[in-house]
Amino acid sequence: MKLPAATAAFGVRTRLVLAFLLVAAVSAVTTAALTYREARNAVLERAQDTAVTSFREEAERFVPRLPLDREAVRWELYDIAARSKPHPWIVFAEYASVRVSSGDRPASGVLTAELRRSARTSPRGAFQRVVKDGDAYLTIGMPVMTRVVAGGPAVPSGLVLYAVMSLVNEETDIDALVTAARDGALPGLAAALVPALLAARSVLRPVRELRRAAHSMGGGRLDTRIAVRGRDEMADLARTFNASAARLEHSVRELRDAGTRARRFASDVSHELRTPLAGMLAVTDVLDEDAERLDPDTARAVRLISAETGKLALLVEDLMEMSRFDARVAELNTDEVDAAEAVRRTLSGRRWHERVGTELPDGIRVRLDPRRFDVIVANLVGNALRHGAEPVTVRLSRRAGALAVEVRDHGAGIADAVLPHVFDRFYKADAARSRSPGSGLGLAIVQENVRLHGGTVDARNTPGGGALFTVELPFDGPASREEGSRSGPGRTECAP
């Protein structure tokens with residue numbers, strides 16, 4: 001559609017050009033800000049580089065006497081502090097539980113846990129600018145290196161030196177720069193502020209409406225629409241948005257209906273199959289008992305029917321479990337349990353306790369659903385025994401407020417192309433595994449049960465060979481009682 005000339009002349013593009021022309025009038029502010037930033041960085045970096053280089057040299061020269069003597073270390077810290085530059089340092093030394101400093105306190109409240117971690121792991125040390133109680137400090141951490149063998153590589157000795165230097169002088173210089181920039185920029189900014197705000201408001205009003213509409217649709221309100229005003233470019237965008245939203249709403253409605261029908265079909269079929277399968281399992285049990293009295297061909301056929309019937313029953317049970325997750329009706333029945341004892345019961349109940357190694361520290365109690373935890377452990381261990389290689393190990397540990405369950409095997413590991421799909425439903429790495437005894441849903445069920453607890457699960461290969469599955473469950477259970485989690489299809493092998 002061809003717009004009238006008057007409308008086109010005052011479209012969004014024209015308004016944006018006018019807004020940028022107004023912004024150009026305050027370019028002096030931008031120049032002042034950039035100048036201030038560069039000058040500020042130069043002031044801080046000059047002091048920082050000087051201090052870091054000097055302190056690194058001191059740490060490299062520092063050779064502690066063993067065994068470590070606090071008084072001797074304190075006097076050496078005094079010497080290091082006496083050579084500090086460009087400003088005085090307070091030097092701290094940390095070794096295991098030993099804390100010594102050149103100041104009046106053995107430990108500093110300015111040093112952060114992040115700096116300590118970096119200083120212990122980096123041979124070159126680390127530094128950080130910290131503001132505490134309104135005062136700025138430069139904190140530096142340097143590990144003291146040592147050589148176990150003469151001429152060999154330097155390794156951390158475990159002793160870490162820290163320096164805390166005040167940046168008051170630099171902050172004073174920076175404040176002076178701020179004052180100068182403000183005094184020069186404020187008049188120009190005030191002159192251009194009113195027309196710039198008016199132009200920005202005119203241009204950005206439709207953009208804000210579009211943002212709110214997009215946010216509303218992202219929250220699930222697919223019936224959101226934008227009021228169309230005028231005939232400029234933003235009006236065209238609003239009409240396009242409304243048309244796209246209508247098509248999306250229709251498509252999502254169709255997909256939801258199809259998904260609901262598919263879930264209902266899977267649930268109904270699985271439920272209807274349970275009764276005949278129960279009768280078939282009873283018959284196959286009887287046939288298994290009499291198989292030894294049959295001729296070899298008939299016995300093989302009987303045992304095959306029995307095995308396949310068991311696999312079908314397992315698949316039906318897993319399908320019903322997945323349908324409960326998809327319908328969001330799966331619930332947690334939590335209780336406080338001993339994690340180690342729960343794992344032992346899982347392994348013993350499936351007669352795996354002699355095949356599976358364990359590292360199960362006592363005294364770890366956690367609130368979870370015992371039945372679903374049993375399914376998680378059983379599926380992971382069964383998958384490791386079936387598709388990995390022994391020894392298989394189950395390990396429990398505490399990790400940042402969560403219970404960590406690690407199941408490791410020593411097989412060939414998981415191919416890189418397979419890892420992203422390891423929790424996909426019915427996913428199998430190769431065609432040969434299509435006849436494996438698993439239902440193809442075990443790891444998907446693990447993932448759904450872990451999510452129901454508010455935890456996480458991941459899979460990776462270990463450097464020593466084999467696959468490692470790690471589950472983390474919060475000690476106090478999920479933050480809020482969830483009813484299943486809608487996940488994508490998941491790969492799995494299910495343990496018996």
# chains A, B, ... in the order shown; residues from 1 in each chain; ligands from 1

call {"tool": "residues_around", "arguments": {"residues": "segment 122-137 of chain A", "least_positions_apart": "2", "cutoff": "9 Å", "atoms": "only C-alpha atoms", "output": "PyMOL selection string"}}
result
chain A and resi 48+52+56+109-112+115-120+139-145+154-156+164-168+171

call {"tool": "write_last_selection", "arguments": {"atoms": "N, CA and C atoms", "output": "compact mmCIF listing (two decimals), in the first residue's frame"}}
result
# COMPACT_ATOMS: atom_id res chain seq x y z
N GLN A 48 47.12 0.00 39.86
CA GLN A 48 46.91 -1.45 39.93
C GLN A 48 48.09 -2.21 39.36
N VAL A 52 50.42 -4.73 41.52
CA VAL A 52 50.40 -6.17 41.21
C VAL A 52 51.80 -6.65 40.83
N ARG A 56 53.88 -9.29 43.05
CA ARG A 56 54.25 -10.58 42.44
C ARG A 56 55.75 -10.83 42.63
N GLY A 109 38.88 -8.42 56.39
CA GLY A 109 37.49 -8.52 55.97
C GLY A 109 37.26 -8.03 54.56
N VAL A 110 38.31 -7.53 53.92
CA VAL A 110 38.18 -7.03 52.55
C VAL A 110 38.37 -8.13 51.53
N LEU A 111 39.18 -9.15 51.85
CA LEU A 111 39.45 -10.23 50.91
C LEU A 111 38.19 -11.05 50.68
N THR A 112 37.86 -11.31 49.43
CA THR A 112 36.66 -12.06 49.08
C THR A 112 36.99 -13.53 48.83
N LEU A 115 38.38 -14.07 45.32
CA LEU A 115 39.82 -13.81 45.18
C LEU A 115 40.63 -14.97 45.76
N ARG A 116 40.19 -15.50 46.92
CA ARG A 116 40.93 -16.60 47.52
C ARG A 116 40.95 -17.82 46.60
N ARG A 117 39.80 -18.13 45.98
CA ARG A 117 39.76 -19.28 45.06
C ARG A 117 40.70 -19.05 43.88
N SER A 118 40.65 -17.85 43.30
CA SER A 118 41.50 -17.57 42.14
C SER A 118 42.97 -17.61 42.51
N ALA A 119 43.32 -17.07 43.67
CA ALA A 119 44.73 -17.03 44.07
C ALA A 119 45.28 -18.43 44.32
N ARG A 120 44.45 -19.34 44.80
CA ARG A 120 44.93 -20.70 45.08
C ARG A 120 45.11 -21.50 43.80
N THR A 139 42.84 -5.46 46.15
CA THR A 139 43.26 -6.67 46.85
C THR A 139 43.98 -7.59 45.87
N ILE A 140 45.11 -8.14 46.31
CA ILE A 140 45.95 -8.97 45.44
C ILE A 140 46.24 -10.28 46.18
N GLY A 141 46.16 -11.39 45.46
CA GLY A 141 46.50 -12.68 46.02
C GLY A 141 47.55 -13.37 45.17
N MET A 142 48.62 -13.84 45.78
CA MET A 142 49.71 -14.50 45.06
C MET A 142 50.08 -15.80 45.80
N PRO A 143 50.03 -16.96 45.10
CA PRO A 143 50.47 -18.20 45.74
C PRO A 143 52.00 -18.24 45.79
N VAL A 144 52.52 -18.73 46.90
CA VAL A 144 53.97 -18.92 47.01
C VAL A 144 54.30 -20.27 46.38
N MET A 145 55.15 -20.24 45.35
CA MET A 145 55.49 -21.45 44.61
C MET A 145 56.75 -22.08 45.20
N ALA A 154 57.76 -25.46 39.17
CA ALA A 154 57.28 -24.85 40.40
C ALA A 154 55.83 -25.24 40.63
N VAL A 155 55.49 -25.59 41.84
CA VAL A 155 54.13 -25.97 42.20
C VAL A 155 53.71 -25.15 43.42
N PRO A 156 52.39 -24.93 43.60
CA PRO A 156 51.94 -24.15 44.77
C PRO A 156 52.34 -24.85 46.06
N VAL A 164 46.50 -5.77 50.65
CA VAL A 164 45.34 -4.88 50.59
C VAL A 164 45.87 -3.45 50.56
N MET A 165 45.54 -2.73 49.49
CA MET A 165 46.03 -1.36 49.30
C MET A 165 44.85 -0.41 49.14
N SER A 166 44.85 0.66 49.86
CA SER A 166 43.78 1.66 49.77
C SER A 166 43.91 2.44 48.46
N LEU A 167 42.76 2.73 47.85
CA LEU A 167 42.72 3.53 46.61
C LEU A 167 42.12 4.90 46.86
N VAL A 168 42.31 5.41 48.07
CA VAL A 168 41.73 6.71 48.42
C VAL A 168 42.27 7.81 47.52
N GLU A 171 40.73 7.57 44.13
CA GLU A 171 39.33 7.97 44.15
C GLU A 171 39.21 9.49 44.24

call {"tool": "residues_around", "arguments": {"residues": "segment 217-229 of chain A", "least_positions_apart": "3", "cutoff": "6 Å", "atoms": "only C-alpha atoms", "output": "PDB file with N, CA and C atoms, in the first residue's frame"}}
result
ATOM      1  N   ALA A 214       4.694  -8.353  23.430  1.00  0.00           N
ATOM      2  CA  ALA A 214       5.548  -9.525  23.281  1.00  0.00           C
ATOM      3  C   ALA A 214       5.763 -10.213  24.628  1.00  0.00           C
ATOM      4  N   ALA A 235       2.583   1.366  12.581  1.00  0.00           N
ATOM      5  CA  ALA A 235       1.239   0.820  12.389  1.00  0.00           C
ATOM      6  C   ALA A 235       1.310  -0.458  11.560  1.00  0.00           C
ATOM      7  N   ALA A 238       2.500  -3.138  13.831  1.00  0.00           N
ATOM      8  CA  ALA A 238       1.438  -3.585  14.735  1.00  0.00           C
ATOM      9  C   ALA A 238       0.483  -4.539  14.030  1.00  0.00           C
ATOM     10  N   ASN A 242      -0.152  -8.440  15.037  1.00  0.00           N
ATOM     11  CA  ASN A 242      -1.476  -8.977  15.333  1.00  0.00           C
ATOM     12  C   ASN A 242      -1.799 -10.192  14.463  1.00  0.00           C
ATOM     13  N   GLU A 249      -1.586 -18.239  17.824  1.00  0.00           N
ATOM     14  CA  GLU A 249      -2.604 -18.710  18.764  1.00  0.00           C
ATOM     15  C   GLU A 249      -3.348 -19.915  18.204  1.00  0.00           C
TER      16      GLU A 249
END

call {"tool": "residues_around", "arguments": {"residues": "Ala415 of chain A", "least_positions_apart": "4", "cutoff": "10 Å", "atoms": "only C-alpha atoms", "output": "PyMOL selection string"}}
result
chain A and resi 419-420+422+429+460-461+467

call {"tool": "write_last_selection", "arguments": {"atoms": "C-alpha atoms", "output": "mmCIF file, in the first residue's frame"}}
result
data_model
loop_
_atom_site.group_PDB
_atom_site.id
_atom_site.type_symbol
_atom_site.label_atom_id
_atom_site.label_comp_id
_atom_site.auth_asym_id
_atom_site.auth_seq_id
_atom_site.Cartn_x
_atom_site.Cartn_y
_atom_site.Cartn_z
ATOM 1 C CA LEU A 419 25.396 -36.952 24.793
ATOM 2 C CA PRO A 420 22.928 -34.147 23.863
ATOM 3 C CA VAL A 422 20.973 -39.015 26.374
ATOM 4 C CA ALA A 429 22.693 -44.840 20.114
ATOM 5 C CA ARG A 460 29.215 -36.687 30.859
ATOM 6 C CA ASN A 461 32.254 -38.801 30.078
ATOM 7 C CA ALA A 467 30.144 -42.399 31.757
#

call {"tool": "atom_distance", "arguments": {"atom1": "atom CA of Leu396 of chain A", "atom2": "atom CA of Thr334 of chain A"}}
result
19.2 Å

call {"tool": "select_by_dssp", "arguments": {"residues": "segment 351-434 of chain A", "states": "strand (DSSP E)", "output": "list in words"}}
result
Val356, Gly357, Thr358, Glu359, Arg365, Val366, Arg367, Leu368, Val392, Thr393, Val394, Arg395, Leu396, Ser397, Arg398, Arg399, Ala402, Leu403, Ala404, Val405, Glu406, Val407 and Arg408 of chain A

call {"tool": "write_last_selection", "arguments": {"atoms": "N, CA and C atoms", "output": "PDB file, in the first residue's frame"}}
result
ATOM      1  N   VAL A 356      27.989 -53.873  42.439  1.00  0.00           N
ATOM      2  CA  VAL A 356      28.120 -52.410  42.406  1.00  0.00           C
ATOM      3  C   VAL A 356      28.897 -51.939  43.630  1.00  0.00           C
ATOM      4  N   GLY A 357      29.964 -51.158  43.392  1.00  0.00           N
ATOM      5  CA  GLY A 357      30.710 -50.554  44.484  1.00  0.00           C
ATOM      6  C   GLY A 357      30.002 -49.311  44.993  1.00  0.00           C
ATOM      7  N   THR A 358      30.201 -48.991  46.246  1.00  0.00           N
ATOM      8  CA  THR A 358      29.512 -47.841  46.841  1.00  0.00           C
ATOM      9  C   THR A 358      30.450 -47.008  47.687  1.00  0.00           C
ATOM     10  N   GLU A 359      30.174 -45.709  47.725  1.00  0.00           N
ATOM     11  CA  GLU A 359      30.786 -44.769  48.662  1.00  0.00           C
ATOM     12  C   GLU A 359      29.636 -44.009  49.308  1.00  0.00           C
ATOM     13  N   ARG A 365      20.924 -37.106  55.694  1.00  0.00           N
ATOM     14  CA  ARG A 365      19.469 -37.217  55.675  1.00  0.00           C
ATOM     15  C   ARG A 365      18.905 -36.143  54.749  1.00  0.00           C
ATOM     16  N   VAL A 366      17.907 -36.529  54.005  1.00  0.00           N
ATOM     17  CA  VAL A 366      17.352 -35.639  52.982  1.00  0.00           C
ATOM     18  C   VAL A 366      15.863 -35.898  52.861  1.00  0.00           C
ATOM     19  N   ARG A 367      15.111 -34.841  52.549  1.00  0.00           N
ATOM     20  CA  ARG A 367      13.666 -34.993  52.365  1.00  0.00           C
ATOM     21  C   ARG A 367      13.384 -35.229  50.881  1.00  0.00           C
ATOM     22  N   LEU A 368      12.818 -36.408  50.593  1.00  0.00           N
ATOM     23  CA  LEU A 368      12.503 -36.767  49.210  1.00  0.00           C
ATOM     24  C   LEU A 368      11.419 -37.831  49.194  1.00  0.00           C
ATOM     25  N   VAL A 392      30.948 -50.693  38.450  1.00  0.00           N
ATOM     26  CA  VAL A 392      30.014 -49.572  38.536  1.00  0.00           C
ATOM     27  C   VAL A 392      30.006 -49.090  39.983  1.00  0.00           C
ATOM     28  N   THR A 393      30.061 -47.774  40.162  1.00  0.00           N
ATOM     29  CA  THR A 393      30.166 -47.201  41.502  1.00  0.00           C
ATOM     30  C   THR A 393      29.057 -46.181  41.723  1.00  0.00           C
ATOM     31  N   VAL A 394      28.454 -46.248  42.925  1.00  0.00           N
ATOM     32  CA  VAL A 394      27.469 -45.248  43.350  1.00  0.00           C
ATOM     33  C   VAL A 394      28.088 -44.469  44.506  1.00  0.00           C
ATOM     34  N   ARG A 395      28.080 -43.149  44.392  1.00  0.00           N
ATOM     35  CA  ARG A 395      28.714 -42.301  45.410  1.00  0.00           C
ATOM     36  C   ARG A 395      27.752 -41.207  45.845  1.00  0.00           C
ATOM     37  N   LEU A 396      27.661 -41.002  47.163  1.00  0.00           N
ATOM     38  CA  LEU A 396      26.854 -39.933  47.727  1.00  0.00           C
ATOM     39  C   LEU A 396      27.779 -38.873  48.325  1.00  0.00           C
ATOM     40  N   SER A 397      27.353 -37.614  48.244  1.00  0.00           N
ATOM     41  CA  SER A 397      28.125 -36.538  48.863  1.00  0.00           C
ATOM     42  C   SER A 397      27.220 -35.327  49.060  1.00  0.00           C
ATOM     43  N   ARG A 398      27.688 -34.421  49.921  1.00  0.00           N
ATOM     44  CA  ARG A 398      27.001 -33.139  50.102  1.00  0.00           C
ATOM     45  C   ARG A 398      27.610 -32.126  49.134  1.00  0.00           C
ATOM     46  N   ARG A 399      26.771 -31.311  48.517  1.00  0.00           N
ATOM     47  CA  ARG A 399      27.276 -30.358  47.539  1.00  0.00           C
ATOM     48  C   ARG A 399      26.408 -29.109  47.541  1.00  0.00           C
ATOM     49  N   ALA A 402      22.862 -29.467  48.653  1.00  0.00           N
ATOM     50  CA  ALA A 402      22.143 -30.489  47.905  1.00  0.00           C
ATOM     51  C   ALA A 402      22.808 -31.845  48.113  1.00  0.00           C
ATOM     52  N   LEU A 403      22.017 -32.897  47.934  1.00  0.00           N
ATOM     53  CA  LEU A 403      22.539 -34.259  47.928  1.00  0.00           C
ATOM     54  C   LEU A 403      22.984 -34.599  46.506  1.00  0.00           C
ATOM     55  N   ALA A 404      24.232 -34.992  46.343  1.00  0.00           N
ATOM     56  CA  ALA A 404      24.756 -35.376  45.034  1.00  0.00           C
ATOM     57  C   ALA A 404      24.852 -36.898  44.969  1.00  0.00           C
ATOM     58  N   VAL A 405      24.254 -37.475  43.942  1.00  0.00           N
ATOM     59  CA  VAL A 405      24.320 -38.914  43.688  1.00  0.00           C
ATOM     60  C   VAL A 405      25.054 -39.113  42.370  1.00  0.00           C
ATOM     61  N   GLU A 406      26.191 -39.799  42.398  1.00  0.00           N
ATOM     62  CA  GLU A 406      26.996 -40.030  41.200  1.00  0.00           C
ATOM     63  C   GLU A 406      27.031 -41.525  40.898  1.00  0.00           C
ATOM     64  N   VAL A 407      26.702 -41.855  39.664  1.00  0.00           N
ATOM     65  CA  VAL A 407      26.763 -43.245  39.198  1.00  0.00           C
ATOM     66  C   VAL A 407      27.752 -43.293  38.044  1.00  0.00           C
ATOM     67  N   ARG A 408      28.832 -44.060  38.227  1.00  0.00           N
ATOM     68  CA  ARG A 408      29.884 -44.106  37.223  1.00  0.00           C
ATOM     69  C   ARG A 408      30.143 -45.548  36.800  1.00  0.00           C
TER      70      ARG A 408
END

call {"tool": "atom_distance", "arguments": {"atom1": "atom CA of Glu76 of chain A", "atom2": "atom CA of Glu170 of chain A"}}
result
28.1 Å

call {"tool": "atom_distance", "arguments": {"atom1": "atom CA of Arg300 of chain A", "atom2": "atom CA of Gly388 of chain A"}}
result
27.8 Å

call {"tool": "select_by_dssp", "arguments": {"residues": "segment 75-140 of chain A", "states": "helix (DSSP H, G or I)", "output": "PDB file with C-alpha atoms, in the first residue's frame"}}
result
ATOM      1  CA  TRP A  75      58.538 -10.175  60.425  1.00  0.00           C
ATOM      2  CA  GLU A  76      58.924 -11.163  56.790  1.00  0.00           C
ATOM      3  CA  LEU A  77      55.492  -9.666  56.075  1.00  0.00           C
ATOM      4  CA  TYR A  78      56.680  -6.439  57.741  1.00  0.00           C
ATOM      5  CA  ASP A  79      59.617  -6.376  55.316  1.00  0.00           C
ATOM      6  CA  ILE A  80      57.338  -6.913  52.313  1.00  0.00           C
ATOM      7  CA  ALA A  81      54.941  -4.191  53.517  1.00  0.00           C
ATOM      8  CA  ALA A  82      57.890  -1.802  53.939  1.00  0.00           C
ATOM      9  CA  ALA A 113      36.099 -15.790  48.669  1.00  0.00           C
ATOM     10  CA  GLU A 114      36.330 -15.328  44.899  1.00  0.00           C
ATOM     11  CA  LEU A 115      39.817 -13.812  45.185  1.00  0.00           C
ATOM     12  CA  ARG A 116      40.934 -16.601  47.519  1.00  0.00           C
ATOM     13  CA  ARG A 117      39.761 -19.276  45.060  1.00  0.00           C
ATOM     14  CA  SER A 118      41.497 -17.573  42.137  1.00  0.00           C
ATOM     15  CA  ALA A 119      44.733 -17.033  44.072  1.00  0.00           C
ATOM     16  CA  ARG A 120      44.935 -20.700  45.076  1.00  0.00           C
ATOM     17  CA  THR A 121      44.355 -22.010  41.559  1.00  0.00           C
TER      18      THR A 121
END
